>>> print(open('data.tsv').read())   # TSV, N, CA and C atoms
chain	number	residue	atom	x	y	z
A	1	GLN	N	52.73	4.27	194.82
A	1	GLN	CA	54.08	4.66	194.44
A	1	GLN	C	54.08	6.07	193.87
A	2	VAL	N	55.26	6.65	193.85
A	2	VAL	CA	55.42	7.99	193.28
A	2	VAL	C	56.27	7.89	192.03
A	3	GLN	N	56.09	8.87	191.15
A	3	GLN	CA	56.95	8.99	189.98
A	3	GLN	C	57.99	10.06	190.28
A	4	LEU	N	59.23	9.75	189.93
A	4	LEU	CA	60.35	10.61	190.30
A	4	LEU	C	61.11	11.07	189.06
A	5	VAL	N	61.48	12.35	189.06
A	5	VAL	CA	62.24	12.91	187.95
A	5	VAL	C	63.39	13.73	188.51
A	6	GLU	N	64.62	13.32	188.18
A	6	GLU	CA	65.81	14.02	188.65
A	6	GLU	C	66.22	15.12	187.67
A	7	SER	N	66.90	16.12	188.18
A	7	SER	CA	67.47	17.17	187.36
A	7	SER	C	68.66	17.77	188.10
A	8	GLY	N	69.45	18.56	187.36
A	8	GLY	CA	70.54	19.28	188.00
A	8	GLY	C	71.92	18.70	187.74
A	9	GLY	N	71.99	17.58	187.07
A	9	GLY	CA	73.30	17.01	186.76
A	9	GLY	C	74.04	17.83	185.73
A	10	GLY	N	75.32	17.50	185.52
A	10	GLY	CA	76.10	18.23	184.54
A	10	GLY	C	77.57	17.95	184.70
A	11	LEU	N	78.37	18.79	184.04
A	11	LEU	CA	79.83	18.69	184.08
A	11	LEU	C	80.38	19.78	184.98
A	12	VAL	N	81.24	19.41	185.89
A	12	VAL	CA	81.82	20.37	186.83
A	12	VAL	C	83.28	19.99	187.09
A	13	GLN	N	84.09	20.98	187.38
A	13	GLN	CA	85.49	20.71	187.71
A	13	GLN	C	85.61	20.22	189.14
A	14	ALA	N	86.66	19.47	189.39
A	14	ALA	CA	86.93	19.01	190.75
A	14	ALA	C	86.98	20.19	191.70
A	15	GLY	N	86.38	20.02	192.86
A	15	GLY	CA	86.29	21.09	193.84
A	15	GLY	C	85.03	21.91	193.73
A	16	GLY	N	84.31	21.73	192.64
A	16	GLY	CA	83.09	22.50	192.41
A	16	GLY	C	81.88	21.91	193.11
A	17	SER	N	80.72	22.49	192.82
A	17	SER	CA	79.47	22.09	193.46
A	17	SER	C	78.37	21.90	192.44
A	18	LEU	N	77.44	21.05	192.78
A	18	LEU	CA	76.21	20.86	192.02
A	18	LEU	C	75.08	20.61	193.00
A	19	ARG	N	73.88	20.97	192.60
A	19	ARG	CA	72.69	20.67	193.40
A	19	ARG	C	71.71	19.87	192.54
A	20	LEU	N	71.48	18.65	192.95
A	20	LEU	CA	70.51	17.79	192.27
A	20	LEU	C	69.13	17.97	192.89
A	21	SER	N	68.12	17.90	192.04
A	21	SER	CA	66.73	17.95	192.50
A	21	SER	C	66.00	16.71	192.03
A	22	CYS	N	65.03	16.32	192.80
A	22	CYS	CA	64.17	15.20	192.41
A	22	CYS	C	62.74	15.62	192.70
A	23	ALA	N	61.93	15.69	191.65
A	23	ALA	CA	60.53	16.08	191.79
A	23	ALA	C	59.67	14.83	191.79
A	24	ALA	N	58.75	14.77	192.75
A	24	ALA	CA	57.88	13.61	192.89
A	24	ALA	C	56.45	13.99	192.53
A	25	SER	N	55.81	13.12	191.80
A	25	SER	CA	54.39	13.31	191.51
A	25	SER	C	53.60	12.24	192.25
A	26	GLY	N	52.37	12.55	192.52
A	26	GLY	CA	51.57	11.64	193.32
A	26	GLY	C	51.32	12.23	194.69
A	27	ARG	N	50.47	11.58	195.42
A	27	ARG	CA	50.08	12.12	196.71
A	27	ARG	C	50.96	11.60	197.84
A	28	ALA	N	50.86	12.26	198.96
A	28	ALA	CA	51.48	11.80	200.20
A	28	ALA	C	53.00	11.71	200.12
A	29	PHE	N	53.62	12.67	199.47
A	29	PHE	CA	55.09	12.68	199.40
A	29	PHE	C	55.70	12.66	200.79
A	30	SER	N	55.05	13.29	201.73
A	30	SER	CA	55.60	13.37	203.08
A	30	SER	C	55.64	12.02	203.78
A	31	MET	N	55.01	11.01	203.21
A	31	MET	CA	55.00	9.67	203.80
A	31	MET	C	56.18	8.82	203.33
A	32	TYR	N	57.04	9.38	202.50
A	32	TYR	CA	58.11	8.60	201.89
A	32	TYR	C	59.48	8.95	202.47
A	33	VAL	N	60.26	7.92	202.74
A	33	VAL	CA	61.69	8.09	202.92
A	33	VAL	C	62.28	8.28	201.52
A	34	MET	N	63.16	9.25	201.38
A	34	MET	CA	63.76	9.55	200.09
A	34	MET	C	65.26	9.28	200.13
A	35	GLY	N	65.78	8.78	199.02
A	35	GLY	CA	67.19	8.46	198.98
A	35	GLY	C	67.82	8.84	197.65
A	36	TRP	N	69.14	8.94	197.69
A	36	TRP	CA	69.93	9.13	196.47
A	36	TRP	C	70.93	7.98	196.37
A	37	PHE	N	71.04	7.42	195.18
A	37	PHE	CA	72.01	6.39	194.88
A	37	PHE	C	72.78	6.83	193.64
A	38	ARG	N	73.91	6.18	193.38
A	38	ARG	CA	74.66	6.50	192.18
A	38	ARG	C	75.28	5.24	191.60
A	39	GLN	N	75.53	5.30	190.30
A	39	GLN	CA	76.18	4.18	189.62
A	39	GLN	C	77.23	4.71	188.65
A	40	ALA	N	78.47	4.37	188.94
A	40	ALA	CA	79.58	4.75	188.08
A	40	ALA	C	79.76	3.69	187.00
A	41	PRO	N	80.40	4.04	185.88
A	41	PRO	CA	80.60	3.07	184.81
A	41	PRO	C	81.33	1.83	185.29
A	42	GLY	N	80.78	0.67	184.99
A	42	GLY	CA	81.41	-0.58	185.35
A	42	GLY	C	81.26	-0.97	186.81
A	43	LYS	N	80.48	-0.20	187.56
A	43	LYS	CA	80.31	-0.49	188.98
A	43	LYS	C	78.83	-0.70	189.31
A	44	GLU	N	78.58	-1.30	190.46
A	44	GLU	CA	77.23	-1.48	190.92
A	44	GLU	C	76.68	-0.17	191.49
A	45	ARG	N	75.37	-0.08	191.50
A	45	ARG	CA	74.74	1.10	192.09
A	45	ARG	C	74.99	1.10	193.59
A	46	GLU	N	75.30	2.28	194.15
A	46	GLU	CA	75.62	2.37	195.57
A	46	GLU	C	74.83	3.48	196.24
A	47	PHE	N	74.63	3.31	197.52
A	47	PHE	CA	73.93	4.28	198.35
A	47	PHE	C	74.74	5.54	198.51
A	48	VAL	N	74.07	6.69	198.46
A	48	VAL	CA	74.72	7.98	198.69
A	48	VAL	C	74.18	8.65	199.95
A	49	ALA	N	72.85	8.84	200.00
A	49	ALA	CA	72.25	9.55	201.13
A	49	ALA	C	70.77	9.23	201.20
A	50	ALA	N	70.19	9.40	202.39
A	50	ALA	CA	68.76	9.20	202.57
A	50	ALA	C	68.26	10.14	203.65
A	51	ILE	N	66.96	10.43	203.60
A	51	ILE	CA	66.35	11.34	204.56
A	51	ILE	C	65.00	10.78	204.98
A	52	SER	N	64.72	10.90	206.27
A	52	SER	CA	63.46	10.37	206.81
A	52	SER	C	62.28	11.21	206.36
A	53	ARG	N	61.10	10.74	206.72
A	53	ARG	CA	59.86	11.38	206.29
A	53	ARG	C	59.80	12.85	206.65
A	54	ASN	N	60.17	13.20	207.84
A	54	ASN	CA	60.05	14.60	208.27
A	54	ASN	C	61.36	15.35	208.18
A	55	GLY	N	62.37	14.70	207.61
A	55	GLY	CA	63.66	15.36	207.45
A	55	GLY	C	64.51	15.37	208.70
A	56	GLY	N	64.01	14.75	209.76
A	56	GLY	CA	64.72	14.81	211.01
A	56	GLY	C	65.93	13.90	211.10
A	57	ILE	N	65.98	12.90	210.25
A	57	ILE	CA	67.10	11.96	210.27
A	57	ILE	C	67.66	11.85	208.85
A	58	THR	N	68.98	11.95	208.77
A	58	THR	CA	69.67	11.77	207.49
A	58	THR	C	70.77	10.74	207.67
A	59	ASN	N	71.13	10.12	206.57
A	59	ASN	CA	72.16	9.10	206.57
A	59	ASN	C	72.99	9.27	205.31
A	60	TYR	N	74.30	9.12	205.44
A	60	TYR	CA	75.20	9.31	204.31
A	60	TYR	C	76.19	8.17	204.21
A	61	SER	N	76.64	7.89	203.01
A	61	SER	CA	77.74	6.96	202.85
A	61	SER	C	79.02	7.64	203.34
A	62	ASP	N	79.98	6.86	203.74
A	62	ASP	CA	81.24	7.44	204.24
A	62	ASP	C	81.94	8.25	203.16
A	63	SER	N	81.76	7.87	201.91
A	63	SER	CA	82.49	8.53	200.83
A	63	SER	C	82.00	9.96	200.56
A	64	VAL	N	80.79	10.29	201.02
A	64	VAL	CA	80.26	11.64	200.75
A	64	VAL	C	80.01	12.43	202.03
A	65	LYS	N	80.13	11.79	203.16
A	65	LYS	CA	79.84	12.45	204.44
A	65	LYS	C	80.71	13.70	204.59
A	66	GLY	N	80.08	14.81	204.95
A	66	GLY	CA	80.79	16.06	205.12
A	66	GLY	C	80.88	16.89	203.85
A	67	ARG	N	80.55	16.29	202.70
A	67	ARG	CA	80.59	17.02	201.43
A	67	ARG	C	79.20	17.17	200.81
A	68	PHE	N	78.35	16.18	201.00
A	68	PHE	CA	77.00	16.19	200.42
A	68	PHE	C	75.97	16.42	201.53
A	69	THR	N	74.88	17.07	201.14
A	69	THR	CA	73.77	17.29	202.07
A	69	THR	C	72.46	16.98	201.38
A	70	ILE	N	71.66	16.12	202.00
A	70	ILE	CA	70.34	15.81	201.49
A	70	ILE	C	69.31	16.62	202.25
A	71	SER	N	68.30	17.10	201.54
A	71	SER	CA	67.22	17.85	202.18
A	71	SER	C	65.94	17.61	201.39
A	72	ARG	N	64.82	18.01	201.98
A	72	ARG	CA	63.54	17.82	201.30
A	72	ARG	C	62.63	19.02	201.55
A	73	ASP	N	61.73	19.24	200.62
A	73	ASP	CA	60.71	20.28	200.74
A	73	ASP	C	59.38	19.61	200.43
A	74	ASP	N	58.66	19.24	201.47
A	74	ASP	CA	57.41	18.51	201.27
A	74	ASP	C	56.34	19.39	200.63
A	75	GLY	N	56.46	20.69	200.79
A	75	GLY	CA	55.50	21.58	200.16
A	75	GLY	C	55.63	21.57	198.64
A	76	GLU	N	56.84	21.34	198.16
A	76	GLU	CA	57.09	21.30	196.72
A	76	GLU	C	57.25	19.87	196.20
A	77	ASN	N	57.12	18.88	197.08
A	77	ASN	CA	57.31	17.47	196.68
A	77	ASN	C	58.68	17.26	196.04
A	78	LYS	N	59.72	17.76	196.69
A	78	LYS	CA	61.06	17.65	196.13
A	78	LYS	C	62.06	17.21	197.20
A	79	VAL	N	63.06	16.53	196.73
A	79	VAL	CA	64.22	16.21	197.55
A	79	VAL	C	65.45	16.70	196.79
A	80	PHE	N	66.45	17.14	197.56
A	80	PHE	CA	67.64	17.76	196.97
A	80	PHE	C	68.90	17.05	197.46
A	81	LEU	N	69.94	17.14	196.65
A	81	LEU	CA	71.26	16.67	197.07
A	81	LEU	C	72.26	17.77	196.71
A	82	GLN	N	72.71	18.48	197.73
A	82	GLN	CA	73.74	19.50	197.53
A	82	GLN	C	75.10	18.81	197.60
A	83	MET	N	75.87	18.93	196.54
A	83	MET	CA	77.15	18.25	196.44
A	83	MET	C	78.26	19.30	196.35
A	84	ASN	N	79.11	19.32	197.36
A	84	ASN	CA	80.23	20.26	197.42
A	84	ASN	C	81.55	19.50	197.37
A	85	SER	N	82.61	20.22	197.07
A	85	SER	CA	83.95	19.63	197.04
A	85	SER	C	83.96	18.36	196.19
A	86	LEU	N	83.40	18.45	195.02
A	86	LEU	CA	83.26	17.27	194.17
A	86	LEU	C	84.61	16.75	193.72
A	87	LYS	N	84.67	15.42	193.59
A	87	LYS	CA	85.89	14.73	193.18
A	87	LYS	C	85.61	13.94	191.90
A	88	PRO	N	86.64	13.64	191.12
A	88	PRO	CA	86.41	12.83	189.91
A	88	PRO	C	85.72	11.50	190.23
A	89	GLU	N	85.98	10.94	191.38
A	89	GLU	CA	85.35	9.66	191.73
A	89	GLU	C	83.87	9.80	192.07
A	90	ASP	N	83.34	11.02	192.11
A	90	ASP	CA	81.90	11.21	192.27
A	90	ASP	C	81.17	11.11	190.93
A	91	THR	N	81.91	10.98	189.85
A	91	THR	CA	81.29	10.84	188.53
A	91	THR	C	80.43	9.59	188.48
A	92	ALA	N	79.16	9.77	188.11
A	92	ALA	CA	78.21	8.66	188.10
A	92	ALA	C	76.86	9.17	187.60
A	93	VAL	N	75.97	8.23	187.34
A	93	VAL	CA	74.56	8.56	187.17
A	93	VAL	C	73.92	8.52	188.56
A	94	TYR	N	73.25	9.60	188.91
A	94	TYR	CA	72.64	9.71	190.23
A	94	TYR	C	71.13	9.46	190.12
A	95	TYR	N	70.63	8.59	190.99
A	95	TYR	CA	69.23	8.20	190.99
A	95	TYR	C	68.56	8.62	192.29
A	96	CYS	N	67.34	9.10	192.14
A	96	CYS	CA	66.48	9.39	193.26
A	96	CYS	C	65.59	8.17	193.51
A	97	ALA	N	65.30	7.87	194.78
A	97	ALA	CA	64.49	6.72	195.11
A	97	ALA	C	63.56	7.04	196.28
A	98	ALA	N	62.44	6.32	196.35
A	98	ALA	CA	61.45	6.56	197.39
A	98	ALA	C	60.96	5.25	197.99
A	99	LYS	N	60.63	5.32	199.27
A	99	LYS	CA	60.08	4.16	199.97
A	99	LYS	C	59.10	4.66	201.01
A	100	GLY	N	57.87	4.19	200.94
A	100	GLY	CA	56.89	4.57	201.93
A	100	GLY	C	57.26	4.05	203.31
A	101	ALA	N	57.00	4.86	204.33
A	101	ALA	CA	57.35	4.45	205.69
A	101	ALA	C	56.27	4.88	206.67
A	102	PHE	N	56.04	4.06	207.67
A	102	PHE	CA	55.07	4.39	208.70
A	102	PHE	C	55.66	5.33	209.74
A	103	SER	N	56.92	5.15	210.02
A	103	SER	CA	57.54	5.89	211.12
A	103	SER	C	58.39	7.04	210.61
A	104	VAL	N	58.35	8.14	211.33
A	104	VAL	CA	59.23	9.28	211.00
A	104	VAL	C	60.67	9.01	211.40
A	105	TYR	N	60.90	7.89	212.07
A	105	TYR	CA	62.25	7.56	212.48
A	105	TYR	C	62.94	6.60	211.50
A	106	ASP	N	62.22	6.12	210.52
A	106	ASP	CA	62.79	5.20	209.54
A	106	ASP	C	63.65	5.94	208.52
A	107	VAL	N	64.79	5.35	208.20
A	107	VAL	CA	65.60	5.80	207.08
A	107	VAL	C	66.36	4.59	206.58
A	108	TYR	N	66.50	4.46	205.29
A	108	TYR	CA	67.04	3.25	204.70
A	108	TYR	C	68.28	3.55	203.87
A	109	ASP	N	69.15	2.54	203.75
A	109	ASP	CA	70.32	2.68	202.88
A	109	ASP	C	70.50	1.49	201.96
A	110	LYS	N	69.52	0.59	201.95
A	110	LYS	CA	69.61	-0.59	201.09
A	110	LYS	C	68.78	-0.38	199.83
A	111	GLU	N	69.41	-0.62	198.69
A	111	GLU	CA	68.75	-0.39	197.41
A	111	GLU	C	67.46	-1.18	197.28
A	112	ASN	N	67.44	-2.41	197.76
A	112	ASN	CA	66.28	-3.27	197.55
A	112	ASN	C	65.09	-2.89	198.42
A	113	LEU	N	65.26	-1.92	199.33
A	113	LEU	CA	64.14	-1.47	200.14
A	113	LEU	C	63.35	-0.36	199.45
A	114	PHE	N	63.94	0.28	198.46
A	114	PHE	CA	63.26	1.37	197.75
A	114	PHE	C	62.49	0.80	196.57
A	115	ASN	N	61.27	1.27	196.36
A	115	ASN	CA	60.44	0.69	195.31
A	115	ASN	C	59.99	1.68	194.25
A	116	SER	N	60.45	2.91	194.32
A	116	SER	CA	60.21	3.87	193.25
A	116	SER	C	61.54	4.51	192.89
A	117	TRP	N	61.80	4.61	191.59
A	117	TRP	CA	63.10	5.12	191.13
A	117	TRP	C	62.90	6.12	189.99
A	118	GLY	N	63.78	7.10	189.94
A	118	GLY	CA	63.82	8.00	188.81
A	118	GLY	C	64.69	7.43	187.70
A	119	GLN	N	64.82	8.19	186.63
A	119	GLN	CA	65.56	7.72	185.45
A	119	GLN	C	67.05	8.03	185.55
A	120	GLY	N	67.42	8.87	186.49
A	120	GLY	CA	68.82	9.19	186.70
A	120	GLY	C	69.26	10.47	186.02
A	121	THR	N	70.28	11.10	186.57
A	121	THR	CA	70.89	12.29	185.98
A	121	THR	C	72.41	12.15	186.07
A	122	GLN	N	73.09	12.47	184.98
A	122	GLN	CA	74.54	12.27	184.89
A	122	GLN	C	75.28	13.40	185.59
A	123	VAL	N	76.23	13.03	186.41
A	123	VAL	CA	77.16	13.97	187.03
A	123	VAL	C	78.57	13.57	186.61
A	124	THR	N	79.29	14.52	186.02
A	124	THR	CA	80.65	14.26	185.58
A	124	THR	C	81.57	15.30	186.21
A	125	VAL	N	82.59	14.83	186.92
A	125	VAL	CA	83.54	15.71	187.59
A	125	VAL	C	84.89	15.54	186.91
A	126	SER	N	85.38	16.62	186.33
A	126	SER	CA	86.66	16.57	185.63
A	126	SER	C	87.80	16.95	186.57
A	127	SER	N	88.94	16.37	186.33
A	127	SER	CA	90.11	16.63	187.20
A	127	SER	C	90.92	17.82	186.70
>>> encode(input="data.tsv", output="structure tokens")
Amino acid sequence: QVQLVESGGGLVQAGGSLRLSCAASGRAFSMYVMGWFRQAPGKEREFVAAISRNGGITNYSDSVKGRFTISRDDGENKVFLQMNSLKPEDTAVYYCAAKGAFSVYDVYDKENLFNSWGQGTQVTVSS
């Protein structure tokens, strides 16, 4: 497993942008599918985006498609979430997650498939 640490959260006005980073420690980062999830107050944690091992395949929830972009830098052991056109309903704690995969074609969107999680970073979007 890898250890994950998120950063980049904060307070932003509606329409603004933020870039979240997730730094992974441990070996073989390139062997992991990486994902972002979020949990708003009083709600269950939900899938946001995921990226395959080589970055060739990405998957997004309908609520963020066209506004958020997930990317990875295997040389730096990092995954990023660029968030544009932010809305108040994007307010949540954002979590980075990892899952080892054999295939470069695998990408996951189910929370229970990921087995390494970060501590989360707060994103607050004001109206």
>>> residues_around(input="data.tsv", residues="Ala24 (chain A)", least_positions_apart="2", cutoff="7 Å", atoms="only N, CA and C atoms", output="list in words")
Val2, Gln3, Leu4, Val5, Cys22, Gly26, Glu76, Asn77, Lys78 and Val79 of chain A
>>> write_last_selection(input="data.tsv", atoms="N, CA and C atoms", output="compact mmCIF listing (two decimals), in the coordinates of the input")
# COMPACT_ATOMS: atom_id res chain seq x y z
N VAL A 2 55.26 6.65 193.85
CA VAL A 2 55.42 7.99 193.28
C VAL A 2 56.27 7.89 192.03
N GLN A 3 56.09 8.87 191.15
CA GLN A 3 56.95 8.99 189.98
C GLN A 3 57.99 10.06 190.28
N LEU A 4 59.23 9.75 189.93
CA LEU A 4 60.35 10.61 190.30
C LEU A 4 61.11 11.07 189.06
N VAL A 5 61.48 12.35 189.06
CA VAL A 5 62.24 12.91 187.95
C VAL A 5 63.39 13.73 188.51
N CYS A 22 65.03 16.32 192.80
CA CYS A 22 64.17 15.20 192.41
C CYS A 22 62.74 15.62 192.70
N GLY A 26 52.37 12.55 192.52
CA GLY A 26 51.57 11.64 193.32
C GLY A 26 51.32 12.23 194.69
N GLU A 76 56.84 21.34 198.16
CA GLU A 76 57.09 21.30 196.72
C GLU A 76 57.25 19.87 196.20
N ASN A 77 57.12 18.88 197.08
CA ASN A 77 57.31 17.47 196.68
C ASN A 77 58.68 17.26 196.04
N LYS A 78 59.72 17.76 196.69
CA LYS A 78 61.06 17.65 196.13
C LYS A 78 62.06 17.21 197.20
N VAL A 79 63.06 16.53 196.73
CA VAL A 79 64.22 16.21 197.55
C VAL A 79 65.45 16.70 196.79
>>> closest_residue(input="data.tsv", among="A:Asp73, A:Glu46, A:Asp90, A:Asp62", to="Leu18 (chain A)", atoms="only C-alpha atoms")
A:Asp90
>>> residues_near_point(input="data.tsv", point="(66.7, 11.8, 195.1)", cutoff="6 Å", atoms="only N, CA and C atoms", output="list in words")
Ser21, Cys22, Met34, Gly35, Trp36, Val79, Phe80, Tyr95, Cys96 and Ala97 of chain A
>>> closest_residue(input="data.tsv", among="A:Arg45, A:Ser17, A:Thr121, A:Thr58", to="Ala92 (chain A)", atoms="all atoms listed in the file")
A:Thr121
>>> atom_distance(input="data.tsv", atom1="atom N of Gly66 (chain A)", atom2="atom N of Ser85 (chain A)")
9.9 Å
>>> closest_residue(input="data.tsv", among="A:Val125, A:Gly15, A:Ser71, A:Val33", to="Phe102 (chain A)", atoms="only N, CA and C atoms")
A:Val33
>>> atom_distance(input="data.tsv", atom1="atom C of Asn84 (chain A)", atom2="atom N of Lys43 (chain A)")
22.0 Å
>>> axis_aligned_box(input="data.tsv", around="region 25-30 of chain A", padding_each_side="5 Å", output="JSON")
{"center_x": 52.9, "center_y": 12.5, "center_z": 197.6, "size_x": 15.7, "size_y": 11.8, "size_z": 22.3}
>>> closest_residue(input="data.tsv", among="A:Ile57, A:Val12, A:Met31, A:Val64", to="Lys99 (chain A)", atoms="all atoms listed in the file")
A:Met31
>>> select_by_dssp(input="data.tsv", residues="region 63-120 of chain A", states="helix (DSSP H, G or I)", output="list in words")
Pro88, Glu89, Asp90, Glu111, Asn112 and Leu113 of chain A
>>> write_last_selection(input="data.tsv", atoms="N, CA and C atoms", output="PDB file, keeping the file's coordinate frame")
ATOM      1  N   PRO A  88      86.640  13.640 191.120  1.00  0.00           N
ATOM      2  CA  PRO A  88      86.410  12.830 189.910  1.00  0.00           C
ATOM      3  C   PRO A  88      85.720  11.500 190.230  1.00  0.00           C
ATOM      4  N   GLU A  89      85.980  10.940 191.380  1.00  0.00           N
ATOM      5  CA  GLU A  89      85.350   9.660 191.730  1.00  0.00           C
ATOM      6  C   GLU A  89      83.870   9.800 192.070  1.00  0.00           C
ATOM      7  N   ASP A  90      83.340  11.020 192.110  1.00  0.00           N
ATOM      8  CA  ASP A  90      81.900  11.210 192.270  1.00  0.00           C
ATOM      9  C   ASP A  90      81.170  11.110 190.930  1.00  0.00           C
ATOM     10  N   GLU A 111      69.410  -0.620 198.690  1.00  0.00           N
ATOM     11  CA  GLU A 111      68.750  -0.390 197.410  1.00  0.00           C
ATOM     12  C   GLU A 111      67.460  -1.180 197.280  1.00  0.00           C
ATOM     13  N   ASN A 112      67.440  -2.410 197.760  1.00  0.00           N
ATOM     14  CA  ASN A 112      66.280  -3.270 197.550  1.00  0.00           C
ATOM     15  C   ASN A 112      65.090  -2.890 198.420  1.00  0.00           C
ATOM     16  N   LEU A 113      65.260  -1.920 199.330  1.00  0.00           N
ATOM     17  CA  LEU A 113      64.140  -1.470 200.140  1.00  0.00           C
ATOM     18  C   LEU A 113      63.350  -0.360 199.450  1.00  0.00           C
TER      19      LEU A 113
END
>>> closest_residue(input="data.tsv", among="A:Tyr94, A:Ala49, A:Pro88, A:Gln13", to="Gly118 (chain A)", atoms="only N, CA and C atoms")
A:Tyr94
>>> decode(input="data.tsv", residues="region 99-123 of chain A", atoms="N, CA and C atoms", output="PDB file, in the first residue's frame")
ATOM      1  N   LYS A  99      -5.421   2.308  -5.646  1.00  0.00           N
ATOM      2  CA  LYS A  99      -5.713   0.878  -5.773  1.00  0.00           C
ATOM      3  C   LYS A  99      -4.728   0.291  -6.768  1.00  0.00           C
ATOM      4  N   GLY A 100      -3.992  -0.719  -6.349  1.00  0.00           N
ATOM      5  CA  GLY A 100      -3.079  -1.384  -7.251  1.00  0.00           C
ATOM      6  C   GLY A 100      -3.822  -2.084  -8.373  1.00  0.00           C
ATOM      7  N   ALA A 101      -3.247  -2.040  -9.573  1.00  0.00           N
ATOM      8  CA  ALA A 101      -3.905  -2.660 -10.718  1.00  0.00           C
ATOM      9  C   ALA A 101      -2.880  -3.337 -11.615  1.00  0.00           C
ATOM     10  N   PHE A 102      -3.265  -4.456 -12.193  1.00  0.00           N
ATOM     11  CA  PHE A 102      -2.385  -5.158 -13.113  1.00  0.00           C
ATOM     12  C   PHE A 102      -2.434  -4.543 -14.505  1.00  0.00           C
ATOM     13  N   SER A 103      -3.589  -4.072 -14.881  1.00  0.00           N
ATOM     14  CA  SER A 103      -3.775  -3.610 -16.256  1.00  0.00           C
ATOM     15  C   SER A 103      -3.753  -2.094 -16.347  1.00  0.00           C
ATOM     16  N   VAL A 104      -3.158  -1.591 -17.413  1.00  0.00           N
ATOM     17  CA  VAL A 104      -3.180  -0.141 -17.661  1.00  0.00           C
ATOM     18  C   VAL A 104      -4.543   0.325 -18.138  1.00  0.00           C
ATOM     19  N   TYR A 105      -5.442  -0.624 -18.373  1.00  0.00           N
ATOM     20  CA  TYR A 105      -6.777  -0.260 -18.825  1.00  0.00           C
ATOM     21  C   TYR A 105      -7.787  -0.192 -17.675  1.00  0.00           C
ATOM     22  N   ASP A 106      -7.377  -0.567 -16.491  1.00  0.00           N
ATOM     23  CA  ASP A 106      -8.277  -0.539 -15.342  1.00  0.00           C
ATOM     24  C   ASP A 106      -8.441   0.881 -14.812  1.00  0.00           C
ATOM     25  N   VAL A 107      -9.677   1.215 -14.468  1.00  0.00           N
ATOM     26  CA  VAL A 107      -9.962   2.442 -13.725  1.00  0.00           C
ATOM     27  C   VAL A 107     -11.225   2.179 -12.933  1.00  0.00           C
ATOM     28  N   TYR A 108     -11.279   2.665 -11.727  1.00  0.00           N
ATOM     29  CA  TYR A 108     -12.360   2.315 -10.819  1.00  0.00           C
ATOM     30  C   TYR A 108     -13.107   3.552 -10.349  1.00  0.00           C
ATOM     31  N   ASP A 109     -14.387   3.354  -9.993  1.00  0.00           N
ATOM     32  CA  ASP A 109     -15.163   4.458  -9.429  1.00  0.00           C
ATOM     33  C   ASP A 109     -15.907   4.046  -8.166  1.00  0.00           C
ATOM     34  N   LYS A 110     -15.630   2.843  -7.675  1.00  0.00           N
ATOM     35  CA  LYS A 110     -16.295   2.361  -6.466  1.00  0.00           C
ATOM     36  C   LYS A 110     -15.370   2.537  -5.261  1.00  0.00           C
ATOM     37  N   GLU A 111     -15.903   3.162  -4.227  1.00  0.00           N
ATOM     38  CA  GLU A 111     -15.112   3.451  -3.036  1.00  0.00           C
ATOM     39  C   GLU A 111     -14.503   2.195  -2.435  1.00  0.00           C
ATOM     40  N   ASN A 112     -15.246   1.103  -2.413  1.00  0.00           N
ATOM     41  CA  ASN A 112     -14.774  -0.097  -1.728  1.00  0.00           C
ATOM     42  C   ASN A 112     -13.677  -0.833  -2.490  1.00  0.00           C
ATOM     43  N   LEU A 113     -13.349  -0.383  -3.708  1.00  0.00           N
ATOM     44  CA  LEU A 113     -12.257  -0.995  -4.450  1.00  0.00           C
ATOM     45  C   LEU A 113     -10.913  -0.371  -4.113  1.00  0.00           C
ATOM     46  N   PHE A 114     -10.921   0.815  -3.527  1.00  0.00           N
ATOM     47  CA  PHE A 114      -9.676   1.504  -3.185  1.00  0.00           C
ATOM     48  C   PHE A 114      -9.256   1.109  -1.776  1.00  0.00           C
ATOM     49  N   ASN A 115      -7.976   0.843  -1.576  1.00  0.00           N
ATOM     50  CA  ASN A 115      -7.534   0.353  -0.274  1.00  0.00           C
ATOM     51  C   ASN A 115      -6.489   1.235   0.398  1.00  0.00           C
ATOM     52  N   SER A 116      -6.166   2.360  -0.193  1.00  0.00           N
ATOM     53  CA  SER A 116      -5.305   3.342   0.476  1.00  0.00           C
ATOM     54  C   SER A 116      -5.977   4.702   0.363  1.00  0.00           C
ATOM     55  N   TRP A 117      -6.006   5.426   1.480  1.00  0.00           N
ATOM     56  CA  TRP A 117      -6.725   6.704   1.517  1.00  0.00           C
ATOM     57  C   TRP A 117      -5.869   7.758   2.220  1.00  0.00           C
ATOM     58  N   GLY A 118      -6.017   8.993   1.772  1.00  0.00           N
ATOM     59  CA  GLY A 118      -5.418  10.111   2.470  1.00  0.00           C
ATOM     60  C   GLY A 118      -6.331  10.619   3.569  1.00  0.00           C
ATOM     61  N   GLN A 119      -5.893  11.659   4.248  1.00  0.00           N
ATOM     62  CA  GLN A 119      -6.653  12.185   5.391  1.00  0.00           C
ATOM     63  C   GLN A 119      -7.688  13.216   4.959  1.00  0.00           C
ATOM     64  N   GLY A 120      -7.601  13.671   3.731  1.00  0.00           N
ATOM     65  CA  GLY A 120      -8.580  14.618   3.209  1.00  0.00           C
ATOM     66  C   GLY A 120      -8.126  16.064   3.300  1.00  0.00           C
ATOM     67  N   THR A 121      -8.654  16.884   2.406  1.00  0.00           N
ATOM     68  CA  THR A 121      -8.402  18.326   2.413  1.00  0.00           C
ATOM     69  C   THR A 121      -9.724  19.047   2.162  1.00  0.00           C
ATOM     70  N   GLN A 122      -9.979  20.086   2.932  1.00  0.00           N
ATOM     71  CA  GLN A 122     -11.266  20.792   2.871  1.00  0.00           C
ATOM     72  C   GLN A 122     -11.290  21.767   1.702  1.00  0.00           C
ATOM     73  N   VAL A 123     -12.353  21.711   0.943  1.00  0.00           N
ATOM     74  CA  VAL A 123     -12.631  22.682  -0.112  1.00  0.00           C
ATOM     75  C   VAL A 123     -13.960  23.346   0.214  1.00  0.00           C
TER      76      VAL A 123
END
